[in-house]
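Containing mmCIF, C-alpha atoms: work_39.cif.
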data_target
#
loop_
_atom_site.label_atom_id
_atom_site.label_comp_id
_atom_site.auth_asym_id
_atom_site.auth_seq_id
_atom_site.Cartn_x
_atom_site.Cartn_y
_atom_site.Cartn_z
CA MET A 1 -25.74 -15.39 26.90
CA HIS A 2 -22.65 -16.67 25.13
CA PRO A 3 -21.89 -20.37 25.91
CA GLN A 4 -18.40 -19.49 27.12
CA HIS A 5 -19.76 -16.88 29.52
CA LEU A 6 -22.40 -19.38 30.67
CA GLU A 7 -19.72 -21.98 31.41
CA THR A 8 -17.67 -19.45 33.34
CA ARG A 9 -20.79 -18.43 35.31
CA ILE A 10 -21.55 -22.06 36.20
CA GLN A 11 -17.94 -22.67 37.31
CA THR A 12 -18.12 -19.60 39.53
CA ILE A 13 -21.37 -20.74 41.16
CA VAL A 14 -20.06 -24.27 41.68
CA ALA A 15 -16.75 -23.03 43.08
CA ALA A 16 -18.50 -20.74 45.55
CA GLY A 17 -20.56 -23.55 47.04
CA PRO A 18 -22.75 -23.23 50.13
CA SER A 19 -22.08 -20.14 52.20
CA TRP A 20 -21.87 -22.18 55.41
CA LEU A 21 -18.91 -24.28 54.15
CA PRO A 22 -15.33 -23.02 53.97
CA PRO A 23 -14.13 -22.74 50.35
CA ALA A 24 -11.29 -25.25 50.90
CA VAL A 25 -13.70 -27.87 52.28
CA TRP A 26 -16.15 -27.37 49.42
CA SER A 27 -13.35 -27.61 46.85
CA THR A 28 -12.16 -30.85 48.44
CA VAL A 29 -15.71 -32.22 48.19
CA ILE A 30 -15.75 -31.34 44.48
CA LEU A 31 -12.53 -33.29 43.86
CA LEU A 32 -13.75 -36.27 45.89
CA VAL A 33 -17.01 -36.34 43.95
CA ALA A 34 -15.05 -36.21 40.70
CA ALA A 35 -12.83 -39.10 41.86
CA GLY A 36 -15.90 -41.15 42.90
CA LEU A 37 -17.59 -40.44 39.58
CA ALA A 38 -14.40 -41.57 37.81
CA LEU A 39 -14.44 -44.89 39.69
CA LEU A 40 -18.12 -45.43 38.82
CA LEU A 41 -17.53 -44.68 35.14
CA HIS A 42 -14.53 -47.00 35.13
CA GLY A 43 -16.53 -49.87 36.61
CA ALA A 44 -19.37 -49.28 34.15
CA SER A 45 -16.93 -49.24 31.21
CA LEU A 46 -15.48 -52.60 32.28
CA GLU A 47 -18.95 -54.13 32.50
CA VAL A 48 -19.83 -52.89 29.03
CA PHE A 49 -16.57 -54.30 27.69
CA LYS A 50 -17.26 -57.71 29.27
CA HIS A 51 -20.70 -57.88 27.65
CA LEU A 52 -19.48 -56.77 24.23
CA SER A 53 -16.36 -58.97 24.16
CA PRO A 54 -17.15 -62.39 22.64
CA PRO A 55 -15.95 -65.44 24.61
CA ARG A 56 -12.99 -67.17 22.96
CA LYS A 57 -9.85 -69.02 23.99
CA VAL A 58 -7.25 -66.71 22.42
CA ARG A 59 -7.61 -63.06 23.34
CA SER A 60 -6.53 -60.23 21.06
CA PHE A 61 -3.90 -57.73 22.13
CA TRP A 62 -6.43 -55.00 22.91
CA GLU A 63 -8.70 -57.36 24.87
CA ALA A 64 -5.75 -58.60 26.92
CA LEU A 65 -4.56 -55.01 27.38
CA ILE A 66 -7.90 -53.87 28.78
CA GLU A 67 -8.21 -56.90 31.06
CA ASN A 68 -4.68 -56.53 32.44
CA THR A 69 -4.54 -52.75 32.82
CA ILE A 70 -7.43 -52.25 35.20
CA GLY A 71 -5.20 -50.39 37.66
CA PRO A 72 -3.71 -47.96 35.13
CA SER A 73 -7.08 -47.35 33.46
CA ARG A 74 -8.70 -46.64 36.83
CA LEU A 75 -5.96 -44.14 37.62
CA ALA A 76 -6.44 -42.58 34.16
CA TYR A 77 -10.16 -41.99 34.83
CA VAL A 78 -9.38 -40.39 38.20
CA VAL A 79 -6.62 -38.16 36.81
CA PHE A 80 -8.68 -36.87 33.89
CA LEU A 81 -11.91 -36.23 35.82
CA VAL A 82 -10.14 -34.66 38.81
CA GLY A 83 -8.15 -32.53 36.36
CA ALA A 84 -11.38 -31.50 34.64
CA ALA A 85 -12.96 -30.58 37.99
CA LEU A 86 -9.95 -28.63 39.27
CA PRO A 87 -10.88 -25.31 37.51
CA SER A 88 -14.22 -25.43 39.35
CA THR A 89 -12.58 -25.40 42.79
CA ASN A 90 -11.85 -22.40 44.96
CA PHE A 91 -8.45 -23.35 46.37
CA THR A 92 -5.70 -20.83 46.82
CA LEU A 93 -3.32 -20.45 43.88
CA PRO A 94 -0.40 -22.36 45.52
CA THR A 95 -2.75 -25.21 46.45
CA THR A 96 -4.22 -25.34 42.95
CA LEU A 97 -0.72 -25.40 41.41
CA ALA A 98 0.37 -28.17 43.79
CA ILE A 99 -2.67 -30.31 42.90
CA ALA A 100 -2.11 -29.68 39.19
CA HIS A 101 1.52 -30.67 39.56
CA GLY A 102 0.52 -33.85 41.38
CA LEU A 103 -1.88 -34.73 38.56
CA LEU A 104 0.92 -34.14 36.02
CA VAL A 105 3.26 -36.49 37.89
CA ALA A 106 0.46 -39.06 38.17
CA PHE A 107 -0.13 -38.81 34.42
CA ILE A 108 3.59 -39.38 33.67
CA LEU A 109 3.68 -42.40 35.98
CA LEU A 110 0.46 -43.61 34.35
CA VAL A 111 2.08 -43.53 30.91
CA GLY A 112 5.12 -45.47 32.18
CA TRP A 113 2.95 -48.00 34.01
CA SER A 114 0.76 -48.54 30.95
CA SER A 115 3.83 -48.91 28.72
CA MET A 116 5.26 -51.64 30.97
CA ARG A 117 1.94 -53.50 31.02
CA SER A 118 1.60 -53.21 27.24
CA LEU A 119 5.11 -54.59 26.78
CA GLU A 120 4.36 -57.49 29.12
CA ILE A 121 1.09 -58.35 27.36
CA ALA A 122 2.68 -58.19 23.92
CA ALA A 123 5.49 -60.51 25.07
CA THR A 124 3.03 -62.96 26.64
CA LEU A 125 0.81 -63.11 23.55
CA TYR A 126 3.85 -63.60 21.32
CA LEU A 127 5.20 -66.47 23.44
CA HIS A 128 1.85 -68.28 23.27
CA HIS A 129 2.87 -69.48 19.81
CA PHE A 130 5.77 -71.54 21.21
CA ARG A 131 5.78 -74.65 23.41
CA THR A 132 8.67 -75.65 25.64
CA ASP A 133 7.12 -78.88 26.96
CA VAL A 134 8.24 -80.92 23.93
CA ASP A 135 11.51 -82.76 23.33
CA ASP A 136 12.70 -80.61 20.41
CA ASN A 137 12.04 -77.18 21.91
CA LEU A 138 15.11 -75.38 20.59
CA ARG A 139 13.15 -72.78 18.59
CA ALA A 140 10.77 -72.12 21.49
CA ARG A 141 13.63 -71.65 23.96
CA LYS A 142 15.34 -69.30 21.50
CA HIS A 143 12.33 -66.96 21.33
CA LEU A 144 11.60 -67.32 25.05
CA THR A 145 15.13 -66.22 25.94
CA GLN A 146 15.10 -63.28 23.54
CA ILE A 147 11.70 -61.97 24.63
CA ARG A 148 12.36 -62.28 28.37
CA ILE A 149 15.74 -60.55 28.27
CA LEU A 150 14.57 -57.77 25.95
CA LYS A 151 11.41 -57.30 28.05
CA ARG A 152 13.46 -56.83 31.21
CA ALA A 153 15.74 -54.39 29.43
CA GLY A 154 12.68 -52.54 28.13
CA ASP A 155 11.15 -52.39 31.62
CA ILE A 156 14.36 -50.91 33.01
CA LEU A 157 14.52 -48.34 30.22
CA ILE A 158 10.86 -47.36 30.60
CA GLY A 159 11.23 -47.12 34.38
CA VAL A 160 14.33 -44.94 34.20
CA VAL A 161 12.80 -42.60 31.60
CA THR A 162 9.50 -42.37 33.50
CA VAL A 163 11.15 -41.51 36.82
CA ALA A 164 13.51 -39.07 35.10
CA VAL A 165 10.65 -37.23 33.35
CA ALA A 166 8.61 -37.15 36.58
CA LEU A 167 11.55 -35.72 38.55
CA MET A 168 12.27 -33.12 35.89
CA THR A 169 8.86 -31.57 36.54
CA PHE A 170 10.27 -30.28 39.84
CA ASP A 171 12.19 -27.02 39.47
CA GLN A 172 14.86 -27.98 42.00
CA VAL A 173 15.59 -31.29 40.27
CA ARG A 174 15.61 -29.64 36.84
CA GLN A 175 18.15 -27.05 37.99
CA TYR A 176 20.30 -29.78 39.53
CA GLY A 177 20.17 -31.75 36.28
CA LEU A 178 21.17 -28.72 34.25
CA SER A 179 24.08 -28.05 36.59
CA LEU A 180 25.22 -31.65 36.15
CA PHE A 181 25.15 -31.24 32.39
CA ALA A 182 27.11 -28.01 32.73
CA SER A 183 29.83 -29.74 34.75
CA ALA A 184 29.56 -33.08 32.98
CA GLY A 185 33.31 -33.77 32.99
CA ALA A 186 33.95 -34.99 36.54
CA ALA A 187 30.33 -35.93 37.21
CA SER A 188 30.06 -38.20 34.17
CA LEU A 189 33.35 -39.85 35.08
CA VAL A 190 32.21 -40.61 38.64
CA LEU A 191 28.77 -41.79 37.56
CA GLY A 192 30.26 -43.88 34.75
CA LEU A 193 32.62 -45.67 37.13
CA ALA A 194 29.83 -46.26 39.64
CA ALA A 195 27.40 -47.59 37.03
CA ARG A 196 29.93 -49.65 35.06
CA PRO A 197 28.97 -53.09 36.50
CA LEU A 198 25.26 -52.41 35.92
CA LEU A 199 25.78 -51.10 32.40
CA THR A 200 28.17 -53.95 31.55
CA ASN A 201 25.66 -56.60 32.58
CA LEU A 202 22.77 -54.74 30.93
CA ILE A 203 24.62 -54.54 27.61
CA ALA A 204 25.73 -58.17 28.01
CA GLY A 205 22.08 -59.15 28.48
CA VAL A 206 21.12 -57.50 25.20
CA GLN A 207 24.05 -59.21 23.47
CA ILE A 208 23.00 -62.60 24.83
CA ALA A 209 19.41 -61.99 23.69
CA ILE A 210 20.64 -61.32 20.15
CA THR A 211 23.53 -63.80 19.76
CA GLN A 212 22.18 -66.39 22.23
CA PRO A 213 25.20 -68.36 23.42
CA ILE A 214 22.80 -69.65 26.09
CA ARG A 215 19.05 -70.09 26.23
CA LEU A 216 16.58 -71.00 28.93
CA GLU A 217 16.78 -74.71 29.84
CA ASP A 218 20.08 -75.16 28.01
CA ALA A 219 22.25 -77.91 29.50
CA VAL A 220 25.59 -76.29 30.37
CA ILE A 221 28.81 -76.99 32.25
CA VAL A 222 30.15 -73.94 34.10
CA GLU A 223 32.88 -73.85 36.72
CA GLY A 224 33.08 -77.64 36.52
CA GLU A 225 29.37 -78.04 37.42
CA TRP A 226 26.64 -79.49 35.19
CA GLY A 227 23.12 -78.09 35.14
CA TRP A 228 20.40 -76.22 33.25
CA VAL A 229 19.93 -72.50 32.66
CA GLU A 230 16.91 -71.77 34.83
CA GLU A 231 16.64 -67.97 34.66
CA ILE A 232 18.26 -65.15 32.71
CA THR A 233 17.79 -61.67 34.15
CA SER A 234 19.23 -58.34 33.11
CA THR A 235 22.24 -58.73 35.41
CA TYR A 236 22.70 -62.41 36.34
CA VAL A 237 22.01 -65.98 35.24
CA VAL A 238 20.70 -68.77 37.49
CA VAL A 239 21.98 -72.28 36.67
CA ARG A 240 20.04 -75.15 38.26
CA LEU A 241 22.63 -77.81 39.05
CA TRP A 242 21.94 -81.53 38.84
CA ASP A 243 21.64 -81.85 42.64
CA TRP A 244 19.13 -78.93 42.86
CA ARG A 245 21.68 -76.36 43.95
CA ARG A 246 21.60 -72.98 42.23
CA MET A 247 24.71 -71.32 40.80
CA ILE A 248 24.38 -67.54 40.34
CA LEU A 249 26.67 -66.01 37.73
CA PRO A 250 26.89 -62.47 36.34
CA ILE A 251 25.48 -62.38 32.86
CA ALA A 252 28.76 -60.99 31.51
CA TYR A 253 30.41 -64.31 32.54
CA PHE A 254 28.93 -66.02 29.47
CA LEU A 255 30.56 -63.49 27.15
CA GLU A 256 33.97 -63.37 28.83
CA LYS A 257 34.72 -66.98 29.88
CA PRO A 258 34.50 -70.35 28.12
CA PHE A 259 31.77 -72.80 29.08
CA GLN A 260 30.11 -75.88 27.60
CA ASN A 261 26.62 -75.74 26.08
CA TRP A 262 25.28 -79.23 25.40
CA THR A 263 22.09 -78.04 23.67
CA ARG A 264 23.36 -75.17 21.54
CA GLU A 265 22.09 -76.46 18.19
CA SER A 266 19.68 -79.22 19.24
CA ALA A 267 18.50 -81.03 22.34
CA SER A 268 19.77 -84.42 21.15
CA LEU A 269 23.01 -85.70 22.64
CA ILE A 270 25.36 -88.66 22.19
CA GLY A 271 26.29 -90.49 25.38
CA SER A 272 29.42 -92.58 25.81
CA VAL A 273 30.02 -95.63 28.03
CA TYR A 274 33.55 -96.99 28.59
CA LEU A 275 34.22 -100.59 29.62
CA TYR A 276 37.65 -101.98 30.59
CA LEU A 277 37.80 -105.73 29.92
CA ASP A 278 40.20 -108.58 29.41
CA TYR A 279 41.76 -109.27 26.00
CA SER A 280 39.58 -112.38 25.70
CA VAL A 281 36.32 -110.37 25.52
CA PRO A 282 34.16 -111.24 22.45
CA VAL A 283 33.70 -107.76 21.00
CA GLU A 284 31.11 -108.79 18.42
CA ALA A 285 28.89 -110.37 21.08
CA VAL A 286 29.06 -107.21 23.19
CA ARG A 287 28.25 -105.12 20.08
CA THR A 288 25.18 -107.26 19.38
CA LYS A 289 24.03 -106.95 22.98
CA LEU A 290 24.40 -103.15 22.81
CA SER A 291 22.09 -103.06 19.78
CA GLU A 292 19.51 -105.15 21.67
CA ILE A 293 19.68 -102.89 24.73
CA ALA A 294 19.28 -99.73 22.62
CA ALA A 295 16.36 -101.18 20.67
CA GLU A 296 14.51 -102.11 23.87
CA SER A 297 15.19 -98.83 25.69
CA LYS A 298 12.61 -96.03 25.58
CA LEU A 299 15.38 -93.49 26.12
CA CYS A 300 17.39 -94.18 22.94
CA ASP A 301 16.31 -92.36 19.79
CA GLY A 302 18.16 -94.85 17.55
CA LYS A 303 20.25 -92.26 15.67
CA VAL A 304 23.60 -93.43 17.06
CA ILE A 305 24.34 -96.98 18.28
CA ASN A 306 27.96 -98.02 18.05
CA LEU A 307 30.64 -99.99 19.92
CA GLN A 308 34.37 -99.88 19.19
CA MET A 309 37.61 -100.97 20.81
CA SER A 310 38.98 -97.50 21.43
CA ASP A 311 42.20 -98.49 23.24
CA ALA A 312 44.38 -101.48 24.12
CA ARG A 313 46.43 -101.20 27.28
CA GLU A 314 48.94 -103.55 28.87
CA ARG A 315 46.35 -105.44 30.90
CA VAL A 316 42.90 -104.50 29.54
CA VAL A 317 41.20 -103.28 26.39
CA GLU A 318 38.89 -100.27 26.31
CA LEU A 319 35.47 -100.61 24.68
CA ARG A 320 33.52 -97.42 23.93
CA ALA A 321 29.76 -97.67 23.46
CA LEU A 322 27.94 -94.70 21.88
CA VAL A 323 24.18 -94.18 22.11
CA SER A 324 22.05 -91.08 21.45
CA ALA A 325 19.02 -89.64 23.23
CA ARG A 326 16.59 -86.78 22.68
CA THR A 327 17.52 -84.70 25.74
CA ALA A 328 20.42 -84.34 28.16
CA PRO A 329 18.60 -85.96 31.15
CA GLN A 330 17.53 -88.89 28.97
CA CYS A 331 21.09 -89.22 27.69
CA TRP A 332 22.42 -89.51 31.24
CA ASP A 333 19.83 -92.13 32.20
CA LEU A 334 20.51 -94.04 28.97
CA ARG A 335 24.24 -94.17 29.68
CA CYS A 336 23.59 -95.60 33.13
CA GLU A 337 21.16 -98.17 31.71
CA VAL A 338 23.59 -99.31 29.00
CA ARG A 339 26.49 -99.55 31.45
CA GLU A 340 24.49 -101.65 33.94
CA LYS A 341 23.13 -104.08 31.34
CA LEU A 342 26.43 -104.54 29.50
CA VAL A 343 28.28 -105.31 32.73
CA ALA A 344 25.56 -107.77 33.76
CA PHE A 345 25.69 -109.44 30.32
CA ILE A 346 29.46 -109.90 30.43
CA ARG A 347 29.44 -111.12 34.04
CA GLU A 348 26.78 -113.75 33.33
CA ASN A 349 27.94 -114.96 29.90
CA TYR A 350 31.66 -114.20 29.70
CA PRO A 351 33.04 -113.94 33.25
CA GLU A 352 36.53 -114.73 31.95
CA ALA A 353 36.37 -111.44 29.98
CA LEU A 354 36.30 -109.37 33.16
CA PRO A 355 39.62 -107.70 34.05
CA GLN A 356 42.14 -110.28 35.28
CA THR A 357 45.65 -110.28 36.61
CA ARG A 358 47.74 -113.13 35.16
CA VAL A 359 50.76 -114.54 37.00
CA GLN A 360 53.04 -117.12 35.37
CA LEU A 361 55.20 -119.33 37.66
CA ASP A 362 58.13 -121.14 36.02
CA ALA A 363 59.48 -124.47 37.64
CA VAL A 364 63.07 -124.13 38.88
CA ALA A 365 65.18 -127.41 39.18
CA GLN A 366 66.76 -127.84 42.61
CA PRO A 367 70.34 -129.40 42.57
CA ILE A 368 70.87 -132.61 44.62
CA PRO A 369 73.50 -132.24 47.31
CA GLN A 370 76.63 -134.42 46.65
CA GLY A 371 78.41 -134.54 50.00
CA ASN A 372 75.82 -136.21 52.28
CA PRO A 373 74.91 -139.90 51.44
CA ALA A 374 72.08 -139.86 53.97
CA MET A 375 70.49 -136.89 52.28
CA ARG A 376 70.81 -138.59 48.87
CA GLY A 377 69.11 -141.70 50.27
CA ALA A 378 66.29 -139.58 51.75
CA MET A 379 65.73 -137.91 48.43
CA MET A 380 65.64 -141.25 46.67
#
What would you get if you wrote out this structure as structure tokens?
Amino acid sequence: MHPQHLETRIQTIVAAGPSWLPPAVWSTVILLVAAGLALLLHGASLEVFKHLSPPRKVRSFWEALIENTIGPSRLAYVVFLVGAALPSTNFTLPTTLAIAHGLLVAFILLVGWSSMRSLEIAATLYLHHFRTDVDDNLRARKHLTQIRILKRAGDILIGVVTVAVALMTFDQVRQYGLSLFASAGAASLVLGLAARPLLTNLIAGVQIAITQPIRLEDAVIVEGEWGWVEEITSTYVVVRLWDWRRMILPIAYFLEKPFQNWTRESASLIGSVYLYLDYSVPVEAVRTKLSEIAAESKLCDGKVINLQMSDARERVVELRALVSARTAPQCWDLRCEVREKLVAFIRENYPEALPQTRVQLDAVAQPIPQGNPAMRGAMM
């Protein structure tokens, strides 16, 4: 007997099943057995992979992919084995077509799910090369921002395409889509207006990922508030303010409005401290004390240490002290430390140099009255 005829004969015998069972019940049993066999084969494959994979700290892309796609791979086994067993069932034609259509939709969703997981794993493995827990983490934050924004945009694109392809497998949805394309004038206008905010922020997110006016953990001033960029999504940015509040801004804000970025090129910053003192202040002594304070402080990086008389007003002079630090938080703490110690130094050693208000009283001669001898005698 020809092998093809033999296979057809075996499928016919299997599909018929026991005479005492209804064909639909027997066909359901066949599919359940196929699904159970798929789960067993999947578990066995994972065990073999664990034994063959050598233990090491850094996993390769394919090893990480297999370890993190257990759900999609399990669904893949079930879809393929149930699909292979479907010709051996004895369902009615509409039921068989419905099951086949369900397997097709499951396969499309499986491809989208696997693509998202692959993108996530690739991004995670790439970011392992960069550390953000160091002082000079500008390069790491640059790549972290790019990868996270582009990954979210990629997830949205994959999700939209996957759902669209899955829906297009239904005849009613396909006909509706074709009718929309046929009358694309008004429909595209309405849909474009409705989706404009989403598309604007999505495009802005891609622009920010490429041009990077902001990065994760950048120190920024927005709307008069100072804080750090905590999260950048596809549509909004979360700024963690200095007092732990969170400011939520649309991502397009950072392309349309001005803002301050204190860590655009590097994390180092120069902090300024202003002192208003009397004209008698010994500037050189204060300058020497500033150098001592900066040398003893763990916050100062020593790149900038300077003191100048930046202004002279009618009652006081203005001294500006400049010191630099490695990060924005350290710069703030360093400014406070310098201000406290300089004020204490001047108060203890040169109290007369603190701001004073001078009043000069001139003596005015009082004339002696001429008409009253008694008064002249009293005065004498």
Could you please determine the separation between atom CA of A:Leu109 and atom CA of A:Val163 in Å, to one decimal place?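 Atom-to-atom, atom CA of A:Leu109 to atom CA of A:Val163, that is 7.6 Å.
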Using all atoms listed in the file, which of the listed residues (A:Leu299, A:Ala100, A:Ile66, A:Ala106) sits closest to A:Val78? A:Ala106
What would the selection look like, as a list in words, if the PyMOL selection byres ((chain A and resi 83) around 9) were run on the coordinates I just shared? Leu31, Ala34, Val78, Val79, Phe80, Leu81, Val82, Ala84, Ala85, Leu86, Pro87, Ile99, Ala100 and Leu103 of chain A
For the residues in the current selection, export C-alpha atoms as a PDB file, in the frame of the given file.
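Generated output (part09.pdb):
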ATOM      1  CA  LEU A  31     -12.530 -33.290  43.860  1.00  0.00           C
ATOM      2  CA  ALA A  34     -15.050 -36.210  40.700  1.00  0.00           C
ATOM      3  CA  VAL A  78      -9.380 -40.390  38.200  1.00  0.00           C
ATOM      4  CA  VAL A  79      -6.620 -38.160  36.810  1.00  0.00           C
ATOM      5  CA  PHE A  80      -8.680 -36.870  33.890  1.00  0.00           C
ATOM      6  CA  LEU A  81     -11.910 -36.230  35.820  1.00  0.00           C
ATOM      7  CA  VAL A  82     -10.140 -34.660  38.810  1.00  0.00           C
ATOM      8  CA  ALA A  84     -11.380 -31.500  34.640  1.00  0.00           C
ATOM      9  CA  ALA A  85     -12.960 -30.580  37.990  1.00  0.00           C
ATOM     10  CA  LEU A  86      -9.950 -28.630  39.270  1.00  0.00           C
ATOM     11  CA  PRO A  87     -10.880 -25.310  37.510  1.00  0.00           C
ATOM     12  CA  ILE A  99      -2.670 -30.310  42.900  1.00  0.00           C
ATOM     13  CA  ALA A 100      -2.110 -29.680  39.190  1.00  0.00           C
ATOM     14  CA  LEU A 103      -1.880 -34.730  38.560  1.00  0.00           C
TER      15      LEU A 103
END
Where does the PyMOL selection byres ((chain A and resi 214-227) around 6) land in this file, that is, which residues does it pick, as number ranges by chain? A: 141, 145, 212-213, 228-230, 240-242, 259-263
Could you please determine the separation between atom CA of A:Thr288 and atom CA of A:Asn349 in Å, to one decimal place?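 Atom-to-atom, atom CA of A:Thr288 and atom CA of A:Asn349 are spaced 13.3 Å apart.
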As a check of understanding, name the residues that the PyMOL selection byres ((chain A and resi 143) around 12) selects in the supplied structure, as a PyMOL selection string. chain A and resi 123-124+126-132+137-142+144-151+209-212+214-216
Could you save the residues just selected, with C-alpha atoms, as a short mmCIF file (atom, residue, chain, number, x, y, z; two decimals), in the coordinates of the input?
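And here's out_2.cif as it stands now:
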data_model
loop_
_atom_site.label_atom_id
_atom_site.label_comp_id
_atom_site.auth_asym_id
_atom_site.auth_seq_id
_atom_site.Cartn_x
_atom_site.Cartn_y
_atom_site.Cartn_z
CA ALA A 123 5.49 -60.51 25.07
CA THR A 124 3.03 -62.96 26.64
CA TYR A 126 3.85 -63.60 21.32
CA LEU A 127 5.20 -66.47 23.44
CA HIS A 128 1.85 -68.28 23.27
CA HIS A 129 2.87 -69.48 19.81
CA PHE A 130 5.77 -71.54 21.21
CA ARG A 131 5.78 -74.65 23.41
CA THR A 132 8.67 -75.65 25.64
CA ASN A 137 12.04 -77.18 21.91
CA LEU A 138 15.11 -75.38 20.59
CA ARG A 139 13.15 -72.78 18.59
CA ALA A 140 10.77 -72.12 21.49
CA ARG A 141 13.63 -71.65 23.96
CA LYS A 142 15.34 -69.30 21.50
CA LEU A 144 11.60 -67.32 25.05
CA THR A 145 15.13 -66.22 25.94
CA GLN A 146 15.10 -63.28 23.54
CA ILE A 147 11.70 -61.97 24.63
CA ARG A 148 12.36 -62.28 28.37
CA ILE A 149 15.74 -60.55 28.27
CA LEU A 150 14.57 -57.77 25.95
CA LYS A 151 11.41 -57.30 28.05
CA ALA A 209 19.41 -61.99 23.69
CA ILE A 210 20.64 -61.32 20.15
CA THR A 211 23.53 -63.80 19.76
CA GLN A 212 22.18 -66.39 22.23
CA ILE A 214 22.80 -69.65 26.09
CA ARG A 215 19.05 -70.09 26.23
CA LEU A 216 16.58 -71.00 28.93
#
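Of the residues listed (A:Leu37, A:Tyr253, A:Leu319, A:Ile248), A:Leu319 shows the shortest atom-to-atom separation from A:Val283; distances use only C-alpha atoms.
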How many Å lie between atom CA of A:Thr89 and atom CA of A:Thr28, rounded to one decimal?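 Atom-to-atom, atom CA of A:Thr89 and atom CA of A:Thr28 are spaced 7.9 Å apart.
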Closest to A:Ala328 among A:Arg152, A:Arg264, A:Arg313, A:Lys289, using all atoms listed in the file?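 Looking only at the distances to A:Ala328, the closest residue turns out to be A:Arg264.
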Spatial neighbours of A:Ile293, max dist 9 Å, all atoms listed in the file, sep filter under 6 positions, as a VMD selection string: chain A and resid 337 to 338 341 to 342
Residue with smallest distance to A:Arg287 - pool A:Arg335, A:Val316, A:Ile346, A:Val111, counting only C-alpha atoms: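 Counting only C-alpha atoms, the residue closest to A:Arg287 is A:Ile346.
Using all atoms listed in the file, the residues found no farther than 12 Å from A:Glu314, other than those of its own chain fewer than 5 positions away, are Tyr276, Leu277, Asp278, Tyr279, Pro355, Gln356, Thr357 and Arg358 of chain A.
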Using all atoms listed in the file, which of the listed residues (A:Gln207, A:Thr169, A:Thr95, A:Ser234) sits closest to A:Ile156? A:Ser234
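Using only C-alpha atoms, the smallest distance between any of A:Ser45, A:Thr327, A:Asn306, A:Ser88 and A:Glu284 comes from A:Asn306.
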Spatial sel., origin (32.4, -113.1, 28.7), limit 9 Å, only C-alpha atoms, listed as a ChimeraX atom specification: /A:280-282,285-286,345-354
Residues near A:Val165, anyone? I mean within 9 Å using only C-alpha atoms, not counting same-chain ones fewer than 4 positions away, as a VMD selection string. chain A and resid 105 108 160 to 161 169
May I have the protein, DNA and RNA residues with an atom at most 6 Å from (19.2, -91.0, 21.9), counting only C-alpha atoms in the file's coordinates, returned as number ranges by chain? A: 300-302, 323-326
Take stretch 240-249 of chain A, model N, CA, C and O atoms, and hand the result over as an mmCIF file, in the coordinates of the input.
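Below is the file that was written, selection23.cif:
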data_model
loop_
_atom_site.group_PDB
_atom_site.id
_atom_site.type_symbol
_atom_site.label_atom_id
_atom_site.label_comp_id
_atom_site.auth_asym_id
_atom_site.auth_seq_id
_atom_site.Cartn_x
_atom_site.Cartn_y
_atom_site.Cartn_z
ATOM 1 N N ARG A 240 20.543 -74.107 37.355
ATOM 2 C CA ARG A 240 20.040 -75.150 38.260
ATOM 3 C C ARG A 240 20.905 -76.385 38.099
ATOM 4 O O ARG A 240 20.875 -77.062 37.076
ATOM 5 N N LEU A 241 21.696 -76.690 39.125
ATOM 6 C CA LEU A 241 22.630 -77.810 39.050
ATOM 7 C C LEU A 241 21.887 -79.135 39.205
ATOM 8 O O LEU A 241 20.730 -79.186 39.637
ATOM 9 N N TRP A 242 22.572 -80.214 38.856
ATOM 10 C CA TRP A 242 21.940 -81.530 38.840
ATOM 11 C C TRP A 242 21.449 -81.976 40.203
ATOM 12 O O TRP A 242 20.509 -82.777 40.306
ATOM 13 N N ASP A 243 22.060 -81.470 41.282
ATOM 14 C CA ASP A 243 21.640 -81.850 42.640
ATOM 15 C C ASP A 243 20.759 -80.785 43.281
ATOM 16 O O ASP A 243 20.691 -80.684 44.497
ATOM 17 N N TRP A 244 20.102 -79.940 42.454
ATOM 18 C CA TRP A 244 19.130 -78.930 42.860
ATOM 19 C C TRP A 244 19.745 -77.693 43.491
ATOM 20 O O TRP A 244 19.022 -76.823 43.970
ATOM 21 N N ARG A 245 21.066 -77.628 43.532
ATOM 22 C CA ARG A 245 21.680 -76.360 43.950
ATOM 23 C C ARG A 245 21.527 -75.330 42.852
ATOM 24 O O ARG A 245 21.264 -75.662 41.701
ATOM 25 N N ARG A 246 21.678 -74.060 43.199
ATOM 26 C CA ARG A 246 21.600 -72.980 42.230
ATOM 27 C C ARG A 246 22.936 -72.234 42.186
ATOM 28 O O ARG A 246 23.459 -71.845 43.239
ATOM 29 N N MET A 247 23.495 -72.102 40.990
ATOM 30 C CA MET A 247 24.710 -71.320 40.800
ATOM 31 C C MET A 247 24.328 -69.984 40.168
ATOM 32 O O MET A 247 23.696 -69.949 39.107
ATOM 33 N N ILE A 248 24.699 -68.881 40.817
ATOM 34 C CA ILE A 248 24.380 -67.540 40.340
ATOM 35 C C ILE A 248 25.637 -66.948 39.715
ATOM 36 O O ILE A 248 26.672 -66.837 40.374
ATOM 37 N N LEU A 249 25.535 -66.561 38.462
ATOM 38 C CA LEU A 249 26.670 -66.010 37.730
ATOM 39 C C LEU A 249 26.279 -64.678 37.104
ATOM 40 O O LEU A 249 25.140 -64.526 36.640
#
